[in-house]
Amino acid sequence: MSEAGCQFHGANVSRHTAGAWQVESFGRGVYLFRWNKGFYLSPFVVADDGVTAFDPISADAAVEYRAAIATVTNRAVTRLVYSHDHRDHIVGGTVLGADLEVCAHPTVADRVTRRGHNDIVMPNVSLGDGAVIASGATRIDVHDFGPNHSDSNLLFVLPTDQGRMLVWVDGVEPDVAPYRNLPDTDFAGYLHSLESAMRLQFDFVVGGHTGPGERRWVADYRDYILRLLEATEVAYRSSGEQAPRPGEDGVAMTERVRGDVTATAARAIRGRYGHWAGFEQWAPMTADRILSFIITGN
Ligand SMILES: [Zn+2]
């Protein structure tokens, strides 16, 4: 967490004695549950008519999420909101209550059904772009910019006493480089969503693992992706693209080109981004993902 990011930390931080989790208050009923065991975050909103919880994360985390919510309110959880369909964020909701309103992008139900994952509470309310989740006096604005990190990501804007909180789980994780090879990501859609998110009115951003971070992290992610795209294109063109050397078969050629191009591309942006956590490990993997985009169109 950068010093700049710390200014958004909630004023009232209660910490679980075992250090497994903490809760931060941002005012207007908006809290952030931080599950330290797995480096996951989930907001929740306390209103007169109940608690709106977001991703339950996992069966273990949901037990602690419920305990964390109970430290700030005796109201019941009445609603779950899923950020996207990925299992590492939305398993375990059954612990949070019965007969819940479970809101998600319509694709979440399709994907969960197809996979047969019965440890995920099935969504029963579809959310689309422009939807509003009204919770007492709190208003959560919902945005759908199309496929990005997954094809079911929704972005949320929540009013707090510290400004408007943008929640984009796995889309922007402040202080950390984009994750590995951007698994399950629609690359062009991700760029489009980053540009769309930059036009939203918000003051700080929270991911599903890190944050809060300054607003600029959305633009920083876009710039990072664009610079790595450009560096990967340049390295690929100057490598001669997919031209085998004498005696090289297709596998050997592919691995040589991939290895050289991704290392060269990461090196080209290291001066600007090398201080981001995960840069050294993940930038070459992200360049590898981008090279697939260059070759295949996604
Ligand atoms: Zn994800």
# chains A, B, ... in the order shown; residues from 1 in each chain; ligands from 1

$ select_by_dssp --residues "region 151-237 of chain A" --states "strand (DSSP E or B)" --output "PyMOL selection string"
chain A and resi 155-160+163-167+176+204-206+213-214

$ write_last_selection --atoms "N, CA, C and O atoms" --output "mmCIF file, in the first residue's frame"
data_model
loop_
_atom_site.group_PDB
_atom_site.id
_atom_site.type_symbol
_atom_site.label_atom_id
_atom_site.label_comp_id
_atom_site.auth_asym_id
_atom_site.auth_seq_id
_atom_site.Cartn_x
_atom_site.Cartn_y
_atom_site.Cartn_z
ATOM 1 N N LEU A 155 -18.917 -3.300 -12.515
ATOM 2 C CA LEU A 155 -18.217 -2.290 -11.725
ATOM 3 C C LEU A 155 -19.264 -1.569 -10.886
ATOM 4 O O LEU A 155 -20.401 -1.372 -11.334
ATOM 5 N N PHE A 156 -18.882 -1.190 -9.667
ATOM 6 C CA PHE A 156 -19.824 -0.574 -8.736
ATOM 7 C C PHE A 156 -19.244 0.741 -8.224
ATOM 8 O O PHE A 156 -18.051 0.829 -7.961
ATOM 9 N N VAL A 157 -20.111 1.743 -8.065
ATOM 10 C CA VAL A 157 -19.698 2.998 -7.444
ATOM 11 C C VAL A 157 -20.555 3.217 -6.201
ATOM 12 O O VAL A 157 -21.786 3.212 -6.287
ATOM 13 N N LEU A 158 -19.884 3.365 -5.062
ATOM 14 C CA LEU A 158 -20.556 3.506 -3.782
ATOM 15 C C LEU A 158 -20.199 4.859 -3.167
ATOM 16 O O LEU A 158 -19.011 5.176 -3.043
ATOM 17 N N PRO A 159 -21.203 5.641 -2.754
ATOM 18 C CA PRO A 159 -20.893 6.903 -2.078
ATOM 19 C C PRO A 159 -20.407 6.641 -0.655
ATOM 20 O O PRO A 159 -20.987 5.802 0.049
ATOM 21 N N THR A 160 -19.330 7.302 -0.246
ATOM 22 C CA THR A 160 -18.845 7.193 1.136
ATOM 23 C C THR A 160 -18.485 8.595 1.629
ATOM 24 O O THR A 160 -18.452 9.551 0.841
ATOM 25 N N GLY A 163 -15.501 10.016 -0.251
ATOM 26 C CA GLY A 163 -15.626 10.163 -1.696
ATOM 27 C C GLY A 163 -16.277 8.927 -2.290
ATOM 28 O O GLY A 163 -16.726 8.023 -1.583
ATOM 29 N N ARG A 164 -16.329 8.907 -3.602
ATOM 30 C CA ARG A 164 -17.007 7.797 -4.289
ATOM 31 C C ARG A 164 -16.029 6.655 -4.521
ATOM 32 O O ARG A 164 -14.981 6.832 -5.143
ATOM 33 N N MET A 165 -16.407 5.483 -4.014
ATOM 34 C CA MET A 165 -15.568 4.279 -4.101
ATOM 35 C C MET A 165 -15.931 3.498 -5.363
ATOM 36 O O MET A 165 -17.078 3.100 -5.535
ATOM 37 N N LEU A 166 -14.956 3.283 -6.250
ATOM 38 C CA LEU A 166 -15.153 2.383 -7.392
ATOM 39 C C LEU A 166 -14.672 0.995 -6.993
ATOM 40 O O LEU A 166 -13.554 0.845 -6.488
ATOM 41 N N VAL A 167 -15.531 0.001 -7.181
ATOM 42 C CA VAL A 167 -15.158 -1.393 -6.918
ATOM 43 C C VAL A 167 -15.090 -2.119 -8.250
ATOM 44 O O VAL A 167 -16.083 -2.176 -8.986
ATOM 45 N N VAL A 176 -0.372 -3.187 -7.403
ATOM 46 C CA VAL A 176 0.082 -4.486 -7.896
ATOM 47 C C VAL A 176 -0.065 -4.521 -9.417
ATOM 48 O O VAL A 176 -1.063 -4.056 -9.962
ATOM 49 N N PHE A 204 -11.756 7.055 -5.524
ATOM 50 C CA PHE A 204 -10.735 6.044 -5.229
ATOM 51 C C PHE A 204 -11.246 4.684 -5.656
ATOM 52 O O PHE A 204 -12.437 4.494 -5.908
ATOM 53 N N VAL A 205 -10.312 3.743 -5.771
ATOM 54 C CA VAL A 205 -10.663 2.443 -6.358
ATOM 55 C C VAL A 205 -10.247 1.301 -5.429
ATOM 56 O O VAL A 205 -9.198 1.342 -4.784
ATOM 57 N N VAL A 206 -11.106 0.294 -5.396
ATOM 58 C CA VAL A 206 -10.875 -0.910 -4.611
ATOM 59 C C VAL A 206 -10.977 -2.104 -5.553
ATOM 60 O O VAL A 206 -11.903 -2.179 -6.365
ATOM 61 N N GLY A 213 -7.013 2.524 -3.428
ATOM 62 C CA GLY A 213 -5.943 3.257 -4.061
ATOM 63 C C GLY A 213 -6.505 4.492 -4.738
ATOM 64 O O GLY A 213 -7.711 4.581 -4.982
ATOM 65 N N GLU A 214 -5.618 5.413 -5.044
ATOM 66 C CA GLU A 214 -6.050 6.647 -5.696
ATOM 67 C C GLU A 214 -6.715 6.356 -7.042
ATOM 68 O O GLU A 214 -6.411 5.360 -7.706
#

$ closest_atom_pairs --of "chain A" --to "ligand 1" --cutoff "12 Å" --atoms "only C-alpha atoms and all ligand atoms" --output "CSV"
residue,atom,partner,partner_atom_place_in_ligand_line,distance
A:Tyr40,CA,ligand 1,1 (Zn),11.3
A:Asp55,CA,ligand 1,1 (Zn),11.1
A:Ile57,CA,ligand 1,1 (Zn),10.8
A:Tyr82,CA,ligand 1,1 (Zn),11.0
A:Ser83,CA,ligand 1,1 (Zn),8.5
A:His84,CA,ligand 1,1 (Zn),6.7
A:Asp85,CA,ligand 1,1 (Zn),7.2
A:His86,CA,ligand 1,1 (Zn),4.9
A:Arg87,CA,ligand 1,1 (Zn),7.8
A:Asp88,CA,ligand 1,1 (Zn),7.1
A:His89,CA,ligand 1,1 (Zn),7.1
A:Ile90,CA,ligand 1,1 (Zn),9.7
A:Val108,CA,ligand 1,1 (Zn),11.8
A:Pro147,CA,ligand 1,1 (Zn),12.0
A:Asn148,CA,ligand 1,1 (Zn),10.0
A:His149,CA,ligand 1,1 (Zn),6.4
A:Ser150,CA,ligand 1,1 (Zn),6.6
A:Asp151,CA,ligand 1,1 (Zn),10.0
A:Ser152,CA,ligand 1,1 (Zn),9.5
A:Asn153,CA,ligand 1,1 (Zn),8.3
A:Leu154,CA,ligand 1,1 (Zn),11.3
A:Trp168,CA,ligand 1,1 (Zn),10.1
A:Val169,CA,ligand 1,1 (Zn),6.9
A:Asp170,CA,ligand 1,1 (Zn),5.3
A:Gly171,CA,ligand 1,1 (Zn),8.1
A:Val172,CA,ligand 1,1 (Zn),10.9
A:Glu173,CA,ligand 1,1 (Zn),11.3
A:Pro178,CA,ligand 1,1 (Zn),11.7
A:Tyr179,CA,ligand 1,1 (Zn),9.9
A:Arg180,CA,ligand 1,1 (Zn),12.0
A:Leu182,CA,ligand 1,1 (Zn),9.3
A:Pro183,CA,ligand 1,1 (Zn),8.0
A:Asp184,CA,ligand 1,1 (Zn),7.9
A:Thr185,CA,ligand 1,1 (Zn),8.9
A:Gly207,CA,ligand 1,1 (Zn),10.3
A:Gly208,CA,ligand 1,1 (Zn),8.4
A:His209,CA,ligand 1,1 (Zn),10.2

$ write_last_selection --atoms "C-alpha atoms" --output "short mmCIF file (atom, residue, chain, number, x, y, z; two decimals), in the first residue's frame"
data_model
loop_
_atom_site.label_atom_id
_atom_site.label_comp_id
_atom_site.auth_asym_id
_atom_site.auth_seq_id
_atom_site.Cartn_x
_atom_site.Cartn_y
_atom_site.Cartn_z
CA TYR A 40 -9.03 -10.86 -0.52
CA ASP A 55 -18.37 -11.50 -2.81
CA ILE A 57 -14.93 -15.26 -1.40
CA TYR A 82 -21.30 -10.89 -7.09
CA SER A 83 -18.51 -9.00 -8.81
CA HIS A 84 -18.03 -11.68 -11.49
CA ASP A 85 -18.25 -15.45 -11.93
CA HIS A 86 -14.80 -16.57 -10.76
CA ARG A 87 -14.87 -19.25 -8.08
CA ASP A 88 -12.13 -17.70 -5.98
CA HIS A 89 -14.52 -14.81 -5.18
CA ILE A 90 -18.07 -16.15 -5.00
CA VAL A 108 -22.74 -15.58 -13.84
CA PRO A 147 -16.30 -8.53 -21.30
CA ASN A 148 -13.06 -7.60 -19.55
CA HIS A 149 -11.33 -9.59 -16.79
CA SER A 150 -14.18 -12.07 -17.23
CA ASP A 151 -17.30 -11.79 -19.36
CA SER A 152 -19.38 -11.17 -16.23
CA ASN A 153 -17.58 -8.35 -14.43
CA LEU A 154 -19.68 -5.53 -13.05
CA TRP A 168 -13.75 -3.41 -9.81
CA VAL A 169 -12.71 -6.84 -8.61
CA ASP A 170 -9.66 -8.20 -10.46
CA GLY A 171 -9.97 -5.31 -12.93
CA VAL A 172 -7.74 -2.84 -11.11
CA GLU A 173 -5.70 -3.90 -8.08
CA PRO A 178 -1.86 -6.86 -13.66
CA TYR A 179 -2.02 -10.52 -12.69
CA ARG A 180 0.11 -13.10 -14.52
CA LEU A 182 -4.61 -12.12 -17.52
CA PRO A 183 -6.48 -15.43 -17.14
CA ASP A 184 -9.96 -15.56 -18.75
CA THR A 185 -9.58 -11.97 -19.96
CA GLY A 207 -10.12 -4.25 -6.24
CA GLY A 208 -10.77 -7.75 -4.94
CA HIS A 209 -7.30 -8.09 -3.42
#

$ closest_residue --among "A:Arg245, A:Asp203, A:Gly189, A:Ser292" --to "Asp161 (chain A)" --atoms "only C-alpha atoms"
A:Asp203

$ residues_around --residues "region 58-63 of chain A" --least-positions-apart "4" --cutoff "7 Å" --atoms "only C-alpha atoms" --output "number ranges by chain"
A: 35, 67, 88-93, 95-96

$ write_last_selection --atoms "N, CA and C atoms" --output "mmCIF file, in the first residue's frame"
data_model
loop_
_atom_site.group_PDB
_atom_site.id
_atom_site.type_symbol
_atom_site.label_atom_id
_atom_site.label_comp_id
_atom_site.auth_asym_id
_atom_site.auth_seq_id
_atom_site.Cartn_x
_atom_site.Cartn_y
_atom_site.Cartn_z
ATOM 1 N N TRP A 35 -9.784 -9.871 4.162
ATOM 2 C CA TRP A 35 -9.485 -11.232 4.633
ATOM 3 C C TRP A 35 -8.013 -11.489 4.420
ATOM 4 N N ALA A 67 -18.816 -12.846 10.537
ATOM 5 C CA ALA A 67 -18.379 -12.405 11.868
ATOM 6 C C ALA A 67 -17.970 -10.936 11.832
ATOM 7 N N ASP A 88 -12.937 -18.137 -7.128
ATOM 8 C CA ASP A 88 -12.134 -17.701 -5.978
ATOM 9 C C ASP A 88 -12.720 -16.456 -5.309
ATOM 10 N N HIS A 89 -13.863 -15.953 -5.825
ATOM 11 C CA HIS A 89 -14.524 -14.805 -5.179
ATOM 12 C C HIS A 89 -15.941 -15.092 -4.697
ATOM 13 N N ILE A 90 -16.619 -16.089 -5.277
ATOM 14 C CA ILE A 90 -18.071 -16.149 -5.005
ATOM 15 C C ILE A 90 -18.567 -17.469 -4.406
ATOM 16 N N VAL A 91 -17.666 -18.307 -3.943
ATOM 17 C CA VAL A 91 -18.106 -19.533 -3.254
ATOM 18 C C VAL A 91 -18.512 -19.181 -1.818
ATOM 19 N N GLY A 92 -19.461 -19.920 -1.268
ATOM 20 C CA GLY A 92 -19.694 -19.881 0.179
ATOM 21 C C GLY A 92 -20.778 -18.952 0.680
ATOM 22 N N GLY A 93 -21.567 -18.359 -0.207
ATOM 23 C CA GLY A 93 -22.563 -17.365 0.203
ATOM 24 C C GLY A 93 -23.653 -17.899 1.115
ATOM 25 N N VAL A 95 -23.501 -19.269 3.813
ATOM 26 C CA VAL A 95 -23.197 -18.957 5.219
ATOM 27 C C VAL A 95 -23.776 -17.604 5.638
ATOM 28 N N LEU A 96 -23.982 -16.726 4.672
ATOM 29 C CA LEU A 96 -24.330 -15.339 5.013
ATOM 30 C C LEU A 96 -25.826 -15.151 5.282
#

$ closest_residue --among "A:Val23, A:Cys103, A:Leu191, A:Val257" --to "Gly128 (chain A)" --atoms "only C-alpha atoms"
A:Cys103

$ residues_around --residues "region 226-242 of chain A" --least-positions-apart "5" --cutoff "9 Å" --atoms "only C-alpha atoms" --output "PDB file with C-alpha atoms, in the first residue's frame"
ATOM      1  CA  LEU A 191      -8.820  -2.047 -22.629  1.00  0.00           C
ATOM      2  CA  TYR A 221      -3.496   0.225 -15.497  1.00  0.00           C
ATOM      3  CA  GLY A 250       7.385 -25.190 -34.781  1.00  0.00           C
ATOM      4  CA  MET A 253      10.467 -21.532 -32.883  1.00  0.00           C
ATOM      5  CA  THR A 254       7.403 -20.621 -30.814  1.00  0.00           C
ATOM      6  CA  VAL A 257      10.086 -16.139 -30.045  1.00  0.00           C
ATOM      7  CA  ARG A 258       7.834 -16.105 -26.955  1.00  0.00           C
ATOM      8  CA  ASP A 260      12.663 -13.345 -26.354  1.00  0.00           C
ATOM      9  CA  VAL A 261       9.672 -11.116 -27.056  1.00  0.00           C
ATOM     10  CA  THR A 262       8.171 -11.238 -23.554  1.00  0.00           C
ATOM     11  CA  THR A 264      12.282  -7.705 -24.210  1.00  0.00           C
ATOM     12  CA  ALA A 265       8.819  -6.171 -23.787  1.00  0.00           C
ATOM     13  CA  ALA A 266       8.926  -6.355 -19.984  1.00  0.00           C
ATOM     14  CA  ARG A 267      12.411  -4.826 -19.982  1.00  0.00           C
ATOM     15  CA  ALA A 268      11.143  -1.929 -22.128  1.00  0.00           C
ATOM     16  CA  ILE A 269       8.651  -0.790 -19.446  1.00  0.00           C
ATOM     17  CA  ALA A 283       5.032  -8.566 -16.712  1.00  0.00           C
ATOM     18  CA  THR A 286       1.214 -10.472 -19.361  1.00  0.00           C
ATOM     19  CA  ALA A 287       3.343  -9.762 -22.454  1.00  0.00           C
ATOM     20  CA  ASP A 288       2.858 -13.427 -23.429  1.00  0.00           C
ATOM     21  CA  ILE A 290      -0.633  -9.771 -25.236  1.00  0.00           C
ATOM     22  CA  LEU A 291       1.389 -11.615 -27.876  1.00  0.00           C
ATOM     23  CA  ILE A 294      -1.471  -9.668 -31.405  1.00  0.00           C
TER      24      ILE A 294
END

$ atom_distance --atom1 "CA of Asp220 (chain A)" --atom2 "CA of Ala277 (chain A)"
13.9 Å

$ closest_residue --among "A:Asp49, A:Glu255, A:Asp175, A:Glu24" --to "Trp276 (chain A)" --atoms "only C-alpha atoms"
A:Asp175

$ closest_residue --among "A:Gly136, A:Gly29, A:Gln162, A:Asp48" --to "Pro212 (chain A)" --atoms "only C-alpha atoms"
A:Gln162

$ atom_distance --atom1 "CA of Ala263 (chain A)" --atom2 "CA of Tyr190 (chain A)"
22.6 Å

$ residues_around --residues "Arg28 (chain A)" --least-positions-apart "3" --cutoff "9 Å" --atoms "only C-alpha atoms" --output "list in words"
Ser25, Tyr31, Val45, Val46, Ala47, Ala137, Thr138, Pro159, Thr160 and Asp161 of chain A

$ write_last_selection --atoms "N, CA and C atoms" --output "compact mmCIF listing (two decimals), in the first residue's frame"
# COMPACT_ATOMS: atom_id res chain seq x y z
N SER A 25 -14.18 1.21 8.07
CA SER A 25 -15.39 1.99 7.81
C SER A 25 -15.07 3.20 6.95
N TYR A 31 -18.43 -0.34 4.32
CA TYR A 31 -17.28 -0.96 4.99
C TYR A 31 -16.52 -1.82 3.99
N VAL A 45 -22.39 -3.05 2.75
CA VAL A 45 -23.11 -1.80 3.00
C VAL A 45 -24.21 -2.07 4.02
N VAL A 46 -24.16 -1.34 5.12
CA VAL A 46 -25.17 -1.49 6.18
C VAL A 46 -26.22 -0.40 6.00
N ALA A 47 -27.48 -0.81 5.87
CA ALA A 47 -28.58 0.14 5.72
C ALA A 47 -29.72 -0.28 6.65
N ALA A 137 -30.70 4.53 2.40
CA ALA A 137 -30.30 5.82 1.82
C ALA A 137 -29.11 5.66 0.89
N THR A 138 -28.57 4.44 0.85
CA THR A 138 -27.38 4.21 0.03
C THR A 138 -27.78 3.82 -1.38
N PRO A 159 -21.20 5.64 -2.75
CA PRO A 159 -20.89 6.90 -2.08
C PRO A 159 -20.41 6.64 -0.65
N THR A 160 -19.33 7.30 -0.25
CA THR A 160 -18.85 7.19 1.14
C THR A 160 -18.49 8.60 1.63
N ASP A 161 -18.18 8.70 2.92
CA ASP A 161 -17.74 10.00 3.45
C ASP A 161 -16.37 10.39 2.94

$ atom_distance --atom1 "CA of Gln281 (chain A)" --atom2 "CA of Trp21 (chain A)"
26.8 Å

$ select_by_dssp --residues "region 53-209 of chain A" --states "helix (DSSP H, G or I)" --output "CSV table (one decimal) with N, CA, C and O atoms, in the first residue's frame"
chain,number,residue,atom,x,y,z
A,59,ALA,N,-15.8,-20.6,1.4
A,59,ALA,CA,-16.6,-21.1,2.5
A,59,ALA,C,-15.9,-20.6,3.8
A,59,ALA,O,-16.6,-20.1,4.8
A,60,ASP,N,-14.6,-20.7,3.9
A,60,ASP,CA,-13.9,-20.2,5.1
A,60,ASP,C,-14.0,-18.7,5.3
A,60,ASP,O,-14.2,-18.2,6.4
A,61,ALA,N,-13.8,-18.0,4.2
A,61,ALA,CA,-13.8,-16.5,4.3
A,61,ALA,C,-15.2,-16.0,4.6
A,61,ALA,O,-15.3,-15.0,5.4
A,62,ALA,N,-16.2,-16.7,4.1
A,62,ALA,CA,-17.6,-16.2,4.4
A,62,ALA,C,-17.9,-16.3,5.8
A,62,ALA,O,-18.7,-15.4,6.4
A,63,VAL,N,-17.4,-17.3,6.5
A,63,VAL,CA,-17.7,-17.4,8.0
A,63,VAL,C,-17.1,-16.1,8.7
A,63,VAL,O,-17.7,-15.5,9.6
A,64,GLU,N,-15.9,-15.7,8.3
A,64,GLU,CA,-15.2,-14.6,8.9
A,64,GLU,C,-15.9,-13.3,8.4
A,64,GLU,O,-15.9,-12.3,9.2
A,65,TYR,N,-16.3,-13.3,7.2
A,65,TYR,CA,-17.0,-12.1,6.6
A,65,TYR,C,-18.3,-11.8,7.5
A,65,TYR,O,-18.6,-10.7,7.9
A,66,ARG,N,-19.0,-12.9,7.7
A,66,ARG,CA,-20.2,-12.8,8.5
A,66,ARG,C,-19.9,-12.3,10.0
A,66,ARG,O,-20.6,-11.4,10.5
A,67,ALA,N,-18.8,-12.8,10.5
A,67,ALA,CA,-18.4,-12.4,11.9
A,67,ALA,C,-18.0,-10.9,11.8
A,67,ALA,O,-18.3,-10.2,12.8
A,68,ALA,N,-17.3,-10.5,10.8
A,68,ALA,CA,-16.9,-9.2,10.6
A,68,ALA,C,-18.0,-8.2,10.5
A,68,ALA,O,-18.1,-7.1,11.2
A,69,ILE,N,-19.0,-8.6,9.7
A,69,ILE,CA,-20.2,-7.8,9.6
A,69,ILE,C,-20.9,-7.6,11.0
A,69,ILE,O,-21.4,-6.5,11.3
A,70,ALA,N,-20.9,-8.7,11.7
A,70,ALA,CA,-21.6,-8.7,13.0
A,70,ALA,C,-20.9,-7.8,14.0
A,70,ALA,O,-21.5,-7.4,15.1
A,87,ARG,N,-14.7,-18.5,-9.3
A,87,ARG,CA,-14.9,-19.3,-8.1
A,87,ARG,C,-14.1,-18.7,-6.9
A,87,ARG,O,-14.6,-18.8,-5.8
A,88,ASP,N,-12.9,-18.1,-7.1
A,88,ASP,CA,-12.1,-17.7,-6.0
A,88,ASP,C,-12.7,-16.5,-5.3
A,88,ASP,O,-12.2,-16.0,-4.3
A,89,HIS,N,-13.9,-16.0,-5.8
A,89,HIS,CA,-14.5,-14.8,-5.2
A,89,HIS,C,-15.9,-15.1,-4.7
A,89,HIS,O,-16.4,-14.4,-3.8
A,90,ILE,N,-16.6,-16.1,-5.3
A,90,ILE,CA,-18.1,-16.1,-5.0
A,90,ILE,C,-18.6,-17.5,-4.4
A,90,ILE,O,-19.8,-17.7,-4.3
A,93,GLY,N,-21.6,-18.4,-0.2
A,93,GLY,CA,-22.6,-17.4,0.2
A,93,GLY,C,-23.7,-17.9,1.1
A,93,GLY,O,-24.3,-17.1,1.8
A,94,THR,N,-23.8,-19.2,1.1
A,94,THR,CA,-24.9,-19.8,1.9
A,94,THR,C,-24.7,-19.5,3.4
A,94,THR,O,-25.7,-19.4,4.2
A,95,VAL,N,-23.5,-19.3,3.8
A,95,VAL,CA,-23.2,-19.0,5.2
A,95,VAL,C,-23.8,-17.6,5.6
A,95,VAL,O,-24.1,-17.4,6.8
A,96,LEU,N,-24.0,-16.7,4.7
A,96,LEU,CA,-24.3,-15.3,5.0
A,96,LEU,C,-25.8,-15.2,5.3
A,96,LEU,O,-26.2,-14.1,5.8
A,106,PRO,N,-25.9,-11.3,-15.7
A,106,PRO,CA,-26.6,-12.5,-16.1
A,106,PRO,C,-25.8,-13.7,-16.5
A,106,PRO,O,-26.2,-14.9,-16.4
A,107,THR,N,-24.6,-13.4,-17.0
A,107,THR,CA,-23.7,-14.5,-17.4
A,107,THR,C,-23.2,-15.4,-16.2
A,107,THR,O,-22.8,-16.5,-16.4
A,108,VAL,N,-23.2,-14.8,-15.0
A,108,VAL,CA,-22.7,-15.6,-13.8
A,108,VAL,C,-23.6,-16.8,-13.7
A,108,VAL,O,-23.0,-17.9,-13.5
A,109,ALA,N,-24.9,-16.7,-13.7
A,109,ALA,CA,-25.8,-17.9,-13.6
A,109,ALA,C,-25.5,-18.9,-14.7
A,109,ALA,O,-25.4,-20.1,-14.4
A,110,ASP,N,-25.3,-18.4,-15.9
A,110,ASP,CA,-25.0,-19.4,-17.0
A,110,ASP,C,-23.8,-20.2,-16.7
A,110,ASP,O,-23.7,-21.4,-16.9
A,111,ARG,N,-22.7,-19.5,-16.3
A,111,ARG,CA,-21.4,-20.1,-16.2
A,111,ARG,C,-21.5,-21.1,-15.0
A,111,ARG,O,-20.9,-22.2,-15.0
A,112,VAL,N,-22.1,-20.7,-13.9
A,112,VAL,CA,-22.1,-21.5,-12.7
A,112,VAL,C,-22.9,-22.8,-13.0
A,112,VAL,O,-22.6,-23.9,-12.6
A,113,THR,N,-24.0,-22.6,-13.7
A,113,THR,CA,-24.9,-23.7,-14.1
A,113,THR,C,-24.1,-24.7,-14.9
A,113,THR,O,-24.1,-25.9,-14.7
A,114,ARG,N,-23.4,-24.2,-15.9
A,114,ARG,CA,-22.7,-25.0,-16.9
A,114,ARG,C,-21.6,-25.8,-16.1
A,114,ARG,O,-21.3,-27.0,-16.4
A,115,ARG,N,-21.0,-25.2,-15.1
A,115,ARG,CA,-19.9,-25.9,-14.4
A,115,ARG,C,-20.5,-26.8,-13.3
A,115,ARG,O,-19.7,-27.6,-12.8
A,187,PHE,N,-9.1,-9.4,-24.0
A,187,PHE,CA,-8.0,-8.4,-23.9
A,187,PHE,C,-8.5,-7.0,-24.5
A,187,PHE,O,-8.4,-6.0,-23.8
A,188,ALA,N,-9.1,-7.0,-25.7
A,188,ALA,CA,-9.6,-5.8,-26.2
A,188,ALA,C,-10.7,-5.2,-25.3
A,188,ALA,O,-10.8,-4.0,-25.1
A,189,GLY,N,-11.6,-6.1,-24.8
A,189,GLY,CA,-12.7,-5.7,-23.9
A,189,GLY,C,-12.1,-5.1,-22.6
A,189,GLY,O,-12.7,-4.1,-22.1
A,190,TYR,N,-11.0,-5.6,-22.2
A,190,TYR,CA,-10.4,-5.1,-20.9
A,190,TYR,C,-9.9,-3.6,-21.2
A,190,TYR,O,-10.2,-2.7,-20.4
A,191,LEU,N,-9.3,-3.4,-22.3
A,191,LEU,CA,-8.8,-2.0,-22.6
A,191,LEU,C,-10.0,-1.1,-22.7
A,191,LEU,O,-10.0,0.0,-22.2
A,192,HIS,N,-11.1,-1.6,-23.4
A,192,HIS,CA,-12.3,-0.7,-23.5
A,192,HIS,C,-12.9,-0.4,-22.2
A,192,HIS,O,-13.3,0.7,-21.9
A,193,SER,N,-12.9,-1.4,-21.3
A,193,SER,CA,-13.5,-1.2,-19.9
A,193,SER,C,-12.6,-0.3,-19.1
A,193,SER,O,-13.1,0.6,-18.3
A,194,LEU,N,-11.3,-0.3,-19.3
A,194,LEU,CA,-10.4,0.6,-18.5
A,194,LEU,C,-10.7,2.0,-19.0
A,194,LEU,O,-10.8,2.9,-18.2
A,195,GLU,N,-10.9,2.2,-20.3
A,195,GLU,CA,-11.2,3.5,-20.8
A,195,GLU,C,-12.5,4.0,-20.4
A,195,GLU,O,-12.7,5.2,-20.0
A,196,SER,N,-13.5,3.1,-20.3
A,196,SER,CA,-14.8,3.5,-19.9
A,196,SER,C,-14.8,3.8,-18.4
A,196,SER,O,-15.5,4.8,-17.9
A,197,ALA,N,-14.1,3.1,-17.6
A,197,ALA,CA,-14.0,3.3,-16.2
A,197,ALA,C,-13.4,4.7,-15.9
A,197,ALA,O,-13.8,5.4,-14.9
A,198,MET,N,-12.4,5.1,-16.7
A,198,MET,CA,-11.8,6.4,-16.5
A,198,MET,C,-12.8,7.5,-16.6
A,198,MET,O,-12.6,8.6,-16.1

$ residues_around --residues "Leu80 (chain A)" --least-positions-apart "5" --cutoff "7 Å" --atoms "only C-alpha atoms" --output "NGL selection string"
:A and (52-54 or 100-103)
